[in-house]
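Here the structure is laid out as structure tokens; the discussion comes afterwards.
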Amino acid sequence: MKTLYTALITCALLFTTSQIMAKDTLTKILVLIHSDTGGTYKMAQEIAKGIENNPHTEATIKLVQSSKNALLHDLQIATPEELPTYDGVVWGSPVYFGNISTPMSAFFAKTVDLWTTHALEGMPTAVFMSAGSGAGKELALQSFWNSLAVHGMILVSNGIRATEKLDNSIPQGTSVLGASSLASNKTVQRPSESELLIAYTQGQNFAKVAKALKGTFQKKEESTPKQVVTDVETTLKQKNIILPVAPNPVGNYTPYSRSGNLVFINQVALKDGKILYPGKVGVDITEEQAKQATEQTMLNVIAVLKLAVDGDLNRVKKTVQLTGIFNTTPDYSQHANLMNVASDLSVAIFGEKGKHARGTLGATSVPVNSAVEIQAIFEIE
Ligand SMILES: Cc1cc2nc3c(=O)[nH]c(=O)nc-3n(C[C@H](O)[C@H](O)[C@H](O)COP(=O)(O)O)c2cc1C
């Protein structure tokens with residue numbers, strides 16, 4: 001019995017040790033992209049395949065910002081803080097005017113702390129791009145390199161790898177600096193097979209270098225809590241929250257007003273051009289109906305907010321303050337209960353960022369006999 005017990009313990013220990021070793025030997029590579037129309041993403045998928053063709057390697061594709069493209073909806077958004085937890089980073093971007101794209105540039109602007117703390121020094125890195133005609137694509141690839149050199153990363157070039165296998169009967173987006181695609185050259189579907197082959201080869205070679213350099217530079221432990229960035233549109237879908245069409249102003253004012261990074265919005269309980277449950281709370285309508293009117297009003301607020309951030313609710317940094325004005329009798333005291341509906345909705349949609357300061361008050365009347373008006377202030381990017 002004792003022998004069996006010892007054997008079991010030994011097996012368990014061996015299993016745990018091999019698990020820890022497997023985790024330790026896994027080379028983790030981030031493929032970090034911006035993509036509008038999906039060309040860069042298709043190249044990224046091929047790079048990832050090439051990476052994972054090496055044993056004990058893992059490629060994770062993430063975005064620098066959320067995308068409206070359905071193809072990219074399920075991808076996570078990376079934070080600058082998580083970069084030092086990888087063994088290498090491969091960057092992909094569309095070419096914008098012979099340069100990296102504006103969102104990619106904005107992501108780099110958020111890496112100042114990583115730069116000044118030397119967090120990425122010695123880490124291998126590589127770049128790839130999706131161009132239109134290809135105008136200025138080498139300049140663009142080179143400009144990517146500039147930023148990475150400033151970070152002290154080890155730039156892994158492509159050289160002329162796999163070029164002998166290319167179909168040279170049509171233009172191809174190759175470069176010694178990194179793979180690229182000529183997306184608007186539609187003689188064939190883009191990325192072309194040759195462009196995908198170069199991307200695959202780049203991933204394969206990059207992973208070899210990353211494996212070799214693993215452990216030679218300071219890497220942050222993965223246990224560092226990662227900030228989970230949730231896509232607001234995904235949250236809305238998951239929670240079945242449907243935003244209405246933003247109501248139009250009915251006077252000489254705008255649906256929202258922006259001052260600096262603050263957005264100011266005022267809404268009543270308009271639904272499909274009519275007020276939902278109009279009247280005084282406790283007299284004309286029940287508290288339950290007033291809550292539904294409050295929910296509708298807050299949905300209108302968020303719909304207008306979406307206009308203010310050009311359709312990208314991920315740009316909302318914070319719900320700063322909500323003020324609920326309710327159509328009540330002088331002795332009414334349950335304003336907070338009604339307003340909780342709006343507050344809960346803000347937190348349901350924006351999480352921690354949706355928490356806010358709040359005011360509530362009763363009024364003898366509210367415009368268009370709405371049961372509620374909400375005045376909201378948000379901070380946006
Ligand atoms: C603002 C802007 C500037 C662009 N500038 C260039 C350029 O200089 N050279 C080029 O070849 N393509 C240029 N393009 C085209 C994109 O690089 C091309 O459509 C790319 O494939 C988009 O990648 P995506 O499908 O991952 O979004 C530009 C596109 C935009 C929106």
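Convention: chains lettered A, B, ... in structure tokens order; per-chain residue numbering from 1; ligands numbered from 1 as shown.
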Selection as a ChimeraX atom specification: residues within 7 Å of ligand 1 by only C-alpha atoms and all ligand atoms: /A:34-41,93-99,130-137,182-184
Would you pick out the contacts of Ala109 of chain A at 10 Å or less, using only C-alpha atoms, so that residues sharing its chain but fewer than 4 positions from it are not included, and give the list as an mmCIF file with N, CA and C atoms, in the first residue's frame?
```cif
data_model
loop_
_atom_site.group_PDB
_atom_site.id
_atom_site.type_symbol
_atom_site.label_atom_id
_atom_site.label_comp_id
_atom_site.auth_asym_id
_atom_site.auth_seq_id
_atom_site.Cartn_x
_atom_site.Cartn_y
_atom_site.Cartn_z
ATOM 1 N N PRO A 80 -0.329 48.404 -23.811
ATOM 2 C CA PRO A 80 1.134 48.526 -23.851
ATOM 3 C C PRO A 80 1.785 47.742 -22.706
ATOM 4 N N PRO A 103 -3.733 54.742 -36.025
ATOM 5 C CA PRO A 103 -3.951 54.014 -34.766
ATOM 6 C C PRO A 103 -2.683 53.307 -34.269
ATOM 7 N N MET A 104 -1.859 52.806 -35.190
ATOM 8 C CA MET A 104 -0.613 52.156 -34.762
ATOM 9 C C MET A 104 0.301 53.202 -34.122
ATOM 10 N N SER A 105 0.333 54.380 -34.735
ATOM 11 C CA SER A 105 1.146 55.468 -34.218
ATOM 12 C C SER A 105 0.649 55.875 -32.821
ATOM 13 N N ASP A 113 6.223 54.903 -21.230
ATOM 14 C CA ASP A 113 6.686 54.317 -19.961
ATOM 15 C C ASP A 113 7.537 53.075 -20.200
ATOM 16 N N SER A 147 10.734 53.298 -34.840
ATOM 17 C CA SER A 147 10.146 53.312 -33.488
ATOM 18 C C SER A 147 10.672 52.148 -32.665
#
```
With a cut-off of 12 Å, could you pull out the residues of segment 204-271 of chain A touching segment 343-346 of chain A and give me the nearest pair of atoms for each, distance in Å to one decimal, using only C-alpha atoms, ordered by chain and ascending number, as a tab-separated table?
```
residue	atom	partner	partner_atom	distance
A:Val232	CA	A:Ser346	CA	11.2
A:Thr235	CA	A:Leu345	CA	11.5
A:Leu236	CA	A:Leu345	CA	10.4
A:Lys239	CA	A:Leu345	CA	10.4
A:Asn240	CA	A:Leu345	CA	11.8
A:Ile241	CA	A:Leu345	CA	9.2
A:Ile242	CA	A:Leu345	CA	11.8
A:Leu243	CA	A:Leu345	CA	11.6
```
Sel. of alpha helix (DSSP H) residues, segment 48-286 of chain A, as number ranges by chain: A: 48-52, 102-109, 112-116, 137-150, 193-213, 232-238
Those in segment 177-299 of chain A with strand (DSSP E or B) from DSSP, as a short mmCIF file (atom, residue, chain, number, x, y, z; two decimals) with N, CA and C atoms, in the first residue's frame:
```
data_model
loop_
_atom_site.label_atom_id
_atom_site.label_comp_id
_atom_site.auth_asym_id
_atom_site.auth_seq_id
_atom_site.Cartn_x
_atom_site.Cartn_y
_atom_site.Cartn_z
N SER A 180 4.77 42.15 -47.02
CA SER A 180 3.72 43.15 -47.28
C SER A 180 2.84 42.65 -48.42
N SER A 181 1.69 43.30 -48.54
CA SER A 181 0.73 42.90 -49.56
C SER A 181 0.31 44.13 -50.36
N LEU A 182 0.05 43.94 -51.65
CA LEU A 182 -0.42 45.05 -52.49
C LEU A 182 -1.93 44.89 -52.67
N TYR A 256 -25.26 66.93 -28.67
CA TYR A 256 -24.24 66.90 -27.62
C TYR A 256 -23.31 68.08 -27.82
N SER A 257 -22.62 68.42 -26.75
CA SER A 257 -21.64 69.49 -26.87
C SER A 257 -20.33 68.98 -26.30
N ARG A 258 -19.24 69.17 -27.06
CA ARG A 258 -17.93 68.71 -26.58
C ARG A 258 -17.08 69.90 -26.19
N SER A 259 -16.47 69.81 -25.01
CA SER A 259 -15.53 70.84 -24.59
C SER A 259 -14.29 70.10 -24.08
N LEU A 262 -14.49 66.48 -22.59
CA LEU A 262 -15.79 66.22 -21.95
C LEU A 262 -16.93 66.37 -22.95
N VAL A 263 -17.91 65.47 -22.83
CA VAL A 263 -19.09 65.54 -23.69
C VAL A 263 -20.31 65.72 -22.80
N PHE A 264 -21.16 66.67 -23.15
CA PHE A 264 -22.36 66.98 -22.36
C PHE A 264 -23.59 66.58 -23.17
N ILE A 265 -24.50 65.83 -22.51
CA ILE A 265 -25.69 65.33 -23.22
C ILE A 265 -26.91 65.46 -22.30
N ASN A 266 -28.04 65.91 -22.86
CA ASN A 266 -29.30 65.95 -22.10
C ASN A 266 -30.37 65.24 -22.91
N GLN A 267 -31.10 64.34 -22.27
CA GLN A 267 -32.14 63.59 -22.98
C GLN A 267 -33.37 63.39 -22.11
N VAL A 268 -34.53 63.22 -22.79
CA VAL A 268 -35.77 62.82 -22.11
C VAL A 268 -36.17 61.44 -22.65
N LEU A 270 -37.79 59.95 -24.89
CA LEU A 270 -38.35 59.80 -26.25
C LEU A 270 -38.13 58.39 -26.77
N LYS A 271 -39.19 57.79 -27.30
CA LYS A 271 -39.04 56.49 -27.96
C LYS A 271 -39.86 56.53 -29.25
N LYS A 274 -42.12 59.52 -29.68
CA LYS A 274 -43.13 59.83 -28.65
C LYS A 274 -42.50 59.65 -27.28
N ILE A 275 -43.05 60.31 -26.28
CA ILE A 275 -42.54 60.13 -24.92
C ILE A 275 -43.08 58.82 -24.34
N VAL A 281 -44.72 60.94 -11.75
CA VAL A 281 -44.51 59.65 -11.08
C VAL A 281 -45.44 59.55 -9.87
N ILE A 285 -48.27 57.90 -13.71
CA ILE A 285 -47.57 56.64 -14.04
C ILE A 285 -47.03 55.98 -12.77
#
```
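Look at Lys353 of chain A: the protein and nucleic acid residues within 7 Å of it, using only C-alpha atoms and passing over chain neighbours fewer than 5 places away, are Lys317, Lys318 and Thr319 of chain A.
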Atomic separation - atom CA of Val150 of chain A relative to atom CA of Leu196 of chain A, Å: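 Distance reported for this atom pair: 28.8 Å.
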Among listed residues A:Gly152, A:Gly362, A:Pro191, A:Gly215, nearest Pro171 of chain A (using only C-alpha atoms):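 The closest residue to Pro171 of chain A is A:Pro191.
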Shell of 6 Å around Lys62 of chain A, only C-alpha atoms, local chain residues under 5 positions omitted, as a list in words: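 Residues meeting the cut-off are Leu32, Leu75, Gln76, Ile77 and Ala78 of chain A.
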Using the selection just defined, write its residues with N, CA and C atoms as a PDB file, in the first residue's frame.
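Here's the written file part21.pdb:
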```
ATOM      1  N   LEU A  32       0.794  41.893 -33.151  1.00  0.00           N
ATOM      2  CA  LEU A  32      -0.001  43.068 -32.768  1.00  0.00           C
ATOM      3  C   LEU A  32      -0.315  43.900 -33.999  1.00  0.00           C
ATOM      4  N   LEU A  75     -11.210  39.590 -31.813  1.00  0.00           N
ATOM      5  CA  LEU A  75      -9.820  39.765 -31.371  1.00  0.00           C
ATOM      6  C   LEU A  75      -9.765  40.653 -30.137  1.00  0.00           C
ATOM      7  N   GLN A  76      -8.849  40.310 -29.231  1.00  0.00           N
ATOM      8  CA  GLN A  76      -8.679  41.141 -28.032  1.00  0.00           C
ATOM      9  C   GLN A  76      -7.858  42.379 -28.368  1.00  0.00           C
ATOM     10  N   ILE A  77      -7.998  43.374 -27.501  1.00  0.00           N
ATOM     11  CA  ILE A  77      -7.220  44.599 -27.690  1.00  0.00           C
ATOM     12  C   ILE A  77      -6.044  44.556 -26.715  1.00  0.00           C
ATOM     13  N   ALA A  78      -4.849  44.791 -27.238  1.00  0.00           N
ATOM     14  CA  ALA A  78      -3.652  44.695 -26.382  1.00  0.00           C
ATOM     15  C   ALA A  78      -3.447  45.995 -25.614  1.00  0.00           C
TER      16      ALA A  78
END
```
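Near Ser192 of chain A, within 10 Å and counting only C-alpha atoms, sit A:Met43, A:Leu166, A:Asp167, A:Ile170, A:Pro171, A:Gln172, A:Gly173, A:Ser181, A:Leu182, A:Ala183, A:Asn185, A:Lys186, A:Thr187, A:Leu197, A:Ile198, not including residues fewer than 5 positions from it in the same chain.
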Dump as a compact mmCIF listing (two decimals), in the first residue's frame, selection limited to N, CA and C atoms:
```txt
# COMPACT_ATOMS: atom_id res chain seq x y z
N MET A 43 -2.67 38.76 -43.35
CA MET A 43 -1.22 38.55 -43.30
C MET A 43 -0.83 38.07 -41.89
N LEU A 166 8.51 32.81 -55.41
CA LEU A 166 7.41 33.74 -55.72
C LEU A 166 6.94 33.65 -57.16
N ASP A 167 5.66 33.97 -57.36
CA ASP A 167 5.13 34.09 -58.71
C ASP A 167 5.45 35.52 -59.18
N ILE A 170 3.26 38.55 -61.62
CA ILE A 170 2.42 39.68 -61.17
C ILE A 170 3.18 40.44 -60.07
N PRO A 171 2.82 41.72 -59.82
CA PRO A 171 3.52 42.46 -58.77
C PRO A 171 3.27 41.82 -57.40
N GLN A 172 4.31 41.73 -56.59
CA GLN A 172 4.19 41.15 -55.24
C GLN A 172 4.71 42.16 -54.22
N GLY A 173 4.13 42.13 -53.04
CA GLY A 173 4.53 43.13 -52.02
C GLY A 173 5.66 42.69 -51.14
N SER A 181 1.69 43.30 -48.54
CA SER A 181 0.73 42.90 -49.56
C SER A 181 0.31 44.13 -50.36
N LEU A 182 0.05 43.94 -51.65
CA LEU A 182 -0.42 45.05 -52.49
C LEU A 182 -1.93 44.89 -52.67
N ALA A 183 -2.67 45.31 -51.67
CA ALA A 183 -4.10 44.98 -51.60
C ALA A 183 -4.92 45.52 -52.76
N ASN A 185 -3.93 45.89 -55.83
CA ASN A 185 -3.56 45.29 -57.12
C ASN A 185 -4.33 43.98 -57.25
N LYS A 186 -5.48 44.06 -57.94
CA LYS A 186 -6.43 42.94 -57.89
C LYS A 186 -6.28 41.94 -59.05
N THR A 187 -5.07 41.84 -59.63
CA THR A 187 -4.90 40.83 -60.67
C THR A 187 -5.23 39.45 -60.11
N LEU A 197 2.96 33.40 -48.55
CA LEU A 197 4.13 32.53 -48.34
C LEU A 197 5.25 33.29 -47.63
N ILE A 198 5.47 34.54 -48.07
CA ILE A 198 6.52 35.35 -47.43
C ILE A 198 6.13 35.60 -45.96
```
Within 12 Å of Ala246 of chain A using only C-alpha atoms, minus same-chain residues under 6 positions, as a list in words: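 Contacts, in chain order: Thr254, Pro255, Tyr256, Ile265, Asn266, Gln267, Val268, Ala269, Leu270, Lys271, Asp272, Gly273, Gln296, Thr297, Met298, Leu299, Asn300, Val301, Ile302, Ala303, Val304, Leu305, Lys306, Leu307, Ala308 and Gly311 of chain A.
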Prev. selection, N, CA and C atoms, output as an mmCIF file, in the first residue's frame:
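After the write, again.cif holds the following:
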```cif
data_model
loop_
_atom_site.group_PDB
_atom_site.id
_atom_site.type_symbol
_atom_site.label_atom_id
_atom_site.label_comp_id
_atom_site.auth_asym_id
_atom_site.auth_seq_id
_atom_site.Cartn_x
_atom_site.Cartn_y
_atom_site.Cartn_z
ATOM 1 N N THR A 254 -27.523 71.469 -30.167
ATOM 2 C CA THR A 254 -26.932 70.261 -30.752
ATOM 3 C C THR A 254 -27.210 69.072 -29.835
ATOM 4 N N PRO A 255 -27.218 67.821 -30.371
ATOM 5 C CA PRO A 255 -27.519 66.666 -29.516
ATOM 6 C C PRO A 255 -26.501 66.498 -28.396
ATOM 7 N N TYR A 256 -25.263 66.932 -28.665
ATOM 8 C CA TYR A 256 -24.243 66.899 -27.620
ATOM 9 C C TYR A 256 -23.312 68.078 -27.818
ATOM 10 N N ILE A 265 -24.497 65.831 -22.514
ATOM 11 C CA ILE A 265 -25.692 65.331 -23.219
ATOM 12 C C ILE A 265 -26.910 65.464 -22.297
ATOM 13 N N ASN A 266 -28.040 65.910 -22.857
ATOM 14 C CA ASN A 266 -29.301 65.951 -22.096
ATOM 15 C C ASN A 266 -30.365 65.243 -22.909
ATOM 16 N N GLN A 267 -31.096 64.337 -22.267
ATOM 17 C CA GLN A 267 -32.137 63.590 -22.984
ATOM 18 C C GLN A 267 -33.372 63.393 -22.110
ATOM 19 N N VAL A 268 -34.532 63.218 -22.792
ATOM 20 C CA VAL A 268 -35.766 62.818 -22.109
ATOM 21 C C VAL A 268 -36.170 61.445 -22.648
ATOM 22 N N ALA A 269 -37.367 60.944 -22.198
ATOM 23 C CA ALA A 269 -37.735 59.550 -22.496
ATOM 24 C C ALA A 269 -38.394 59.376 -23.865
ATOM 25 N N LEU A 270 -37.786 59.950 -24.889
ATOM 26 C CA LEU A 270 -38.345 59.799 -26.248
ATOM 27 C C LEU A 270 -38.129 58.386 -26.772
ATOM 28 N N LYS A 271 -39.189 57.787 -27.302
ATOM 29 C CA LYS A 271 -39.045 56.489 -27.963
ATOM 30 C C LYS A 271 -39.863 56.531 -29.251
ATOM 31 N N ASP A 272 -39.229 56.289 -30.358
ATOM 32 C CA ASP A 272 -39.880 56.337 -31.674
ATOM 33 C C ASP A 272 -40.690 57.623 -31.851
ATOM 34 N N GLY A 273 -40.131 58.746 -31.467
ATOM 35 C CA GLY A 273 -40.767 60.046 -31.680
ATOM 36 C C GLY A 273 -41.823 60.421 -30.653
ATOM 37 N N GLN A 296 -35.117 54.131 -20.965
ATOM 38 C CA GLN A 296 -35.177 54.658 -22.328
ATOM 39 C C GLN A 296 -34.352 55.946 -22.451
ATOM 40 N N THR A 297 -34.456 56.801 -21.434
ATOM 41 C CA THR A 297 -33.737 58.080 -21.460
ATOM 42 C C THR A 297 -32.230 57.837 -21.471
ATOM 43 N N MET A 298 -31.786 56.886 -20.638
ATOM 44 C CA MET A 298 -30.345 56.609 -20.568
ATOM 45 C C MET A 298 -29.859 55.976 -21.881
ATOM 46 N N LEU A 299 -30.706 55.135 -22.483
ATOM 47 C CA LEU A 299 -30.325 54.554 -23.784
ATOM 48 C C LEU A 299 -30.174 55.656 -24.825
ATOM 49 N N ASN A 300 -31.081 56.658 -24.757
ATOM 50 C CA ASN A 300 -30.963 57.798 -25.681
ATOM 51 C C ASN A 300 -29.644 58.536 -25.448
ATOM 52 N N VAL A 301 -29.282 58.683 -24.170
ATOM 53 C CA VAL A 301 -28.016 59.358 -23.833
ATOM 54 C C VAL A 301 -26.843 58.610 -24.477
ATOM 55 N N ILE A 302 -26.851 57.272 -24.320
ATOM 56 C CA ILE A 302 -25.723 56.483 -24.861
ATOM 57 C C ILE A 302 -25.722 56.544 -26.398
ATOM 58 N N ALA A 303 -26.923 56.548 -26.986
ATOM 59 C CA ALA A 303 -27.006 56.625 -28.460
ATOM 60 C C ALA A 303 -26.388 57.936 -28.947
ATOM 61 N N VAL A 304 -26.644 59.018 -28.230
ATOM 62 C CA VAL A 304 -26.061 60.312 -28.614
ATOM 63 C C VAL A 304 -24.544 60.292 -28.367
ATOM 64 N N LEU A 305 -24.158 59.663 -27.241
ATOM 65 C CA LEU A 305 -22.729 59.554 -26.926
ATOM 66 C C LEU A 305 -21.983 58.843 -28.066
ATOM 67 N N LYS A 306 -22.646 57.838 -28.627
ATOM 68 C CA LYS A 306 -22.024 57.082 -29.728
ATOM 69 C C LYS A 306 -21.737 58.005 -30.923
ATOM 70 N N LEU A 307 -22.644 58.970 -31.139
ATOM 71 C CA LEU A 307 -22.389 59.944 -32.216
ATOM 72 C C LEU A 307 -21.143 60.757 -31.892
ATOM 73 N N ALA A 308 -21.016 61.106 -30.609
ATOM 74 C CA ALA A 308 -19.914 61.989 -30.190
ATOM 75 C C ALA A 308 -18.553 61.307 -30.341
ATOM 76 N N GLY A 311 -19.046 56.641 -33.409
ATOM 77 C CA GLY A 311 -19.477 55.248 -33.482
ATOM 78 C C GLY A 311 -18.631 54.285 -32.668
#
```
Test item: residues at most 8 Å from segment 126-128 of chain A, only C-alpha atoms, excluding those fewer than 2 positions along its chain, as a list in words: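 Residues meeting the cut-off are Met43, Val89, Val90, Trp91, Gly92, Ser93, Pro124, Ser130, Leu141, Phe144, Trp145, Leu155, Val156, Ser157, Leu177, Gly178, Ala179, Ser180, Ala199 and Phe206 of chain A.
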Counting only C-alpha atoms, the residue of A:Lys42, A:His56, A:Lys49, A:Lys355 that sits nearest Leu72 of chain A: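 Checking each of A:Lys42, A:His56, A:Lys49, A:Lys355 against Leu72 of chain A, counting only C-alpha atoms, the winner is A:Lys42.
Straight-line separation from atom CA of Asp284 of chain A to atom CA of Pro247 of chain A: 24.2 Å.
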Selected residue, from A:Ser370, A:Leu213, A:His118, A:Thr329, that lies nearest to Gln289 of chain A when counting only C-alpha atoms: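 Going through A:Ser370, A:Leu213, A:His118, A:Thr329 one by one, the smallest distance to Gln289 of chain A is for A:Ser370.
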Separation of atom CA of Arg358 of chain A from atom CA of Thr328 of chain A, in Å and rounded to one decimal: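 Value for the atom CA of Arg358 of chain A-atom CA of Thr328 of chain A distance: 18.3 Å.
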